[in-house]
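The structure file work_39.pdb is reproduced below (PDB, C-alpha atoms, pLDDT in the B column).
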ATOM      1  CA  MET A   1    -131.025 -66.900 142.504  1.00 79.00           C
ATOM      2  CA  LYS A   2    -132.575 -68.681 139.563  1.00 87.00           C
ATOM      3  CA  TYR A   3    -131.199 -72.027 138.443  1.00 88.00           C
ATOM      4  CA  THR A   4    -130.148 -70.543 135.083  1.00 88.00           C
ATOM      5  CA  ASP A   5    -128.184 -67.833 136.858  1.00 89.00           C
ATOM      6  CA  GLN A   6    -126.523 -70.415 139.090  1.00 91.00           C
ATOM      7  CA  MET A   7    -125.424 -72.483 136.114  1.00 92.00           C
ATOM      8  CA  ALA A   8    -124.186 -69.387 134.305  1.00 92.00           C
ATOM      9  CA  THR A   9    -122.192 -68.385 137.373  1.00 93.00           C
ATOM     10  CA  LYS A  10    -120.606 -71.833 137.521  1.00 94.00           C
ATOM     11  CA  LEU A  11    -119.646 -71.439 133.880  1.00 94.00           C
ATOM     12  CA  LEU A  12    -118.071 -68.091 134.723  1.00 94.00           C
ATOM     13  CA  ALA A  13    -116.017 -69.757 137.467  1.00 95.00           C
ATOM     14  CA  GLN A  14    -114.800 -72.421 135.025  1.00 95.00           C
ATOM     15  CA  THR A  15    -113.966 -69.672 132.549  1.00 96.00           C
ATOM     16  CA  SER A  16    -111.893 -67.948 135.196  1.00 96.00           C
ATOM     17  CA  LYS A  17    -109.893 -71.153 135.681  1.00 96.00           C
ATOM     18  CA  ALA A  18    -109.329 -71.507 131.929  1.00 96.00           C
ATOM     19  CA  LEU A  19    -108.075 -67.929 131.787  1.00 97.00           C
ATOM     20  CA  GLY A  20    -105.696 -68.708 134.652  1.00 97.00           C
ATOM     21  CA  ASP A  21    -104.467 -71.757 132.734  1.00 97.00           C
ATOM     22  CA  ALA A  22    -103.843 -69.564 129.682  1.00 97.00           C
ATOM     23  CA  ILE A  23    -101.895 -67.079 131.798  1.00 97.00           C
ATOM     24  CA  ASN A  24     -99.816 -69.860 133.350  1.00 97.00           C
ATOM     25  CA  GLU A  25     -99.007 -71.313 129.945  1.00 97.00           C
ATOM     26  CA  ALA A  26     -98.102 -67.892 128.547  1.00 97.00           C
ATOM     27  CA  LEU A  27     -95.732 -67.314 131.472  1.00 97.00           C
ATOM     28  CA  CYS A  28     -93.856 -70.587 130.944  1.00 96.00           C
ATOM     29  CA  ALA A  29     -90.219 -70.484 129.905  1.00 96.00           C
ATOM     30  CA  SER A  30     -91.235 -71.881 126.518  1.00 96.00           C
ATOM     31  CA  PRO A  31     -94.996 -71.397 126.122  1.00 96.00           C
ATOM     32  CA  ASP A  32     -96.946 -73.262 123.490  1.00 97.00           C
ATOM     33  CA  LYS A  33     -98.797 -70.425 121.801  1.00 97.00           C
ATOM     34  CA  ARG A  34    -101.242 -72.888 120.234  1.00 97.00           C
ATOM     35  CA  VAL A  35    -102.322 -73.968 123.722  1.00 97.00           C
ATOM     36  CA  VAL A  36    -102.640 -70.350 124.855  1.00 97.00           C
ATOM     37  CA  LEU A  37    -104.725 -69.512 121.782  1.00 98.00           C
ATOM     38  CA  ALA A  38    -106.979 -72.539 122.292  1.00 97.00           C
ATOM     39  CA  LEU A  39    -107.562 -71.576 125.925  1.00 97.00           C
ATOM     40  CA  ILE A  40    -108.268 -67.947 125.021  1.00 97.00           C
ATOM     41  CA  ASN A  41    -110.728 -69.028 122.344  1.00 97.00           C
ATOM     42  CA  GLN A  42    -112.458 -71.272 124.878  1.00 96.00           C
ATOM     43  CA  VAL A  43    -112.642 -68.356 127.321  1.00 97.00           C
ATOM     44  CA  ARG A  44    -114.217 -66.150 124.631  1.00 97.00           C
ATOM     45  CA  ASP A  45    -116.817 -68.785 123.808  1.00 96.00           C
ATOM     46  CA  ASP A  46    -117.601 -69.414 127.455  1.00 95.00           C
ATOM     47  CA  LEU A  47    -117.937 -65.688 128.183  1.00 96.00           C
ATOM     48  CA  ARG A  48    -120.423 -65.340 125.319  1.00 95.00           C
ATOM     49  CA  GLU A  49    -122.370 -68.310 126.640  1.00 93.00           C
ATOM     50  CA  PHE A  50    -122.333 -66.833 130.153  1.00 93.00           C
ATOM     51  CA  GLU A  51    -123.518 -63.476 128.863  1.00 93.00           C
ATOM     52  CA  ASP A  52    -126.352 -65.070 126.911  1.00 92.00           C
ATOM     53  CA  ALA A  53    -127.509 -67.171 129.841  1.00 90.00           C
ATOM     54  CA  TYR A  54    -127.114 -64.577 132.561  1.00 91.00           C
ATOM     55  CA  PHE A  55    -128.236 -61.347 130.915  1.00 90.00           C
ATOM     56  CA  ASP A  56    -130.507 -62.192 127.984  1.00 80.00           C
ATOM     57  CA  ASP A  57    -133.409 -63.584 129.996  1.00 62.00           C
ATOM     58  CA  GLU A  58    -134.123 -60.282 131.778  1.00 58.00           C
TER      59      GLU A  58
END

As structure tokens - that is how I would like this structure written.
Amino acid sequence: MKYTDQMATKLLAQTSKALGDAINEALCASPDKRVVLALINQVRDDLREFEDAYFDDE
């Protein structure tokens, strides 16, 4: 596996954690929707970055 692919895969793992954090916050008794939105936006950005790094160099 190329170094770029390894780094992209690590980013994907971090993105997975951020998505889990967003889910946990959304499931709280009184979720802060601003926090959920910020996490979701971060996940979107990270997924785009992962896609660019992992797939665009083929």

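One finds atom CA of Thr4 of chain A at 22.5 Å from atom CA of Leu19 of chain A.
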
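Coordinates place atom CA of Lys33 of chain A at a distance of 24.2 Å from atom CA of Glu49 of chain A.
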
- Do you know which residues the PyMOL selection byres ((chain A and resi 15) around 8) returns on this file, as a PyMOL selection string? chain A and resi 11-14+16-19+42-43+46-47

- Query: So how far away is atom CA of Ala22 of chain A from atom CA of Leu39 of chain A, in Å?
  - Reply: 5.7 Å

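The shortest atom-to-atom distance to Ile40 of chain A, with all atoms listed in the file taken into account, belongs to A:Ile23 out of A:Ala8, A:Ile23, A:Ala53, A:Cys28.
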
Let me have the centre and edge lengths of the axis-aligned box enclosing all listed atoms of segment 29-46 of chain A with 4 Å padding on every side, in Å to one decimal, as lines of an AutoDock Vina configuration file.
center_x = -103.9
center_y = -70.1
center_z = 125.1
size_x = 35.4
size_y = 15.8
size_z = 17.7

- Specify as a PyMOL selection string each residue included when the PyMOL selection byres ((chain A and resi 2) around 12) is applied to this file. chain A and resi 1+3-9+53-54+57-58
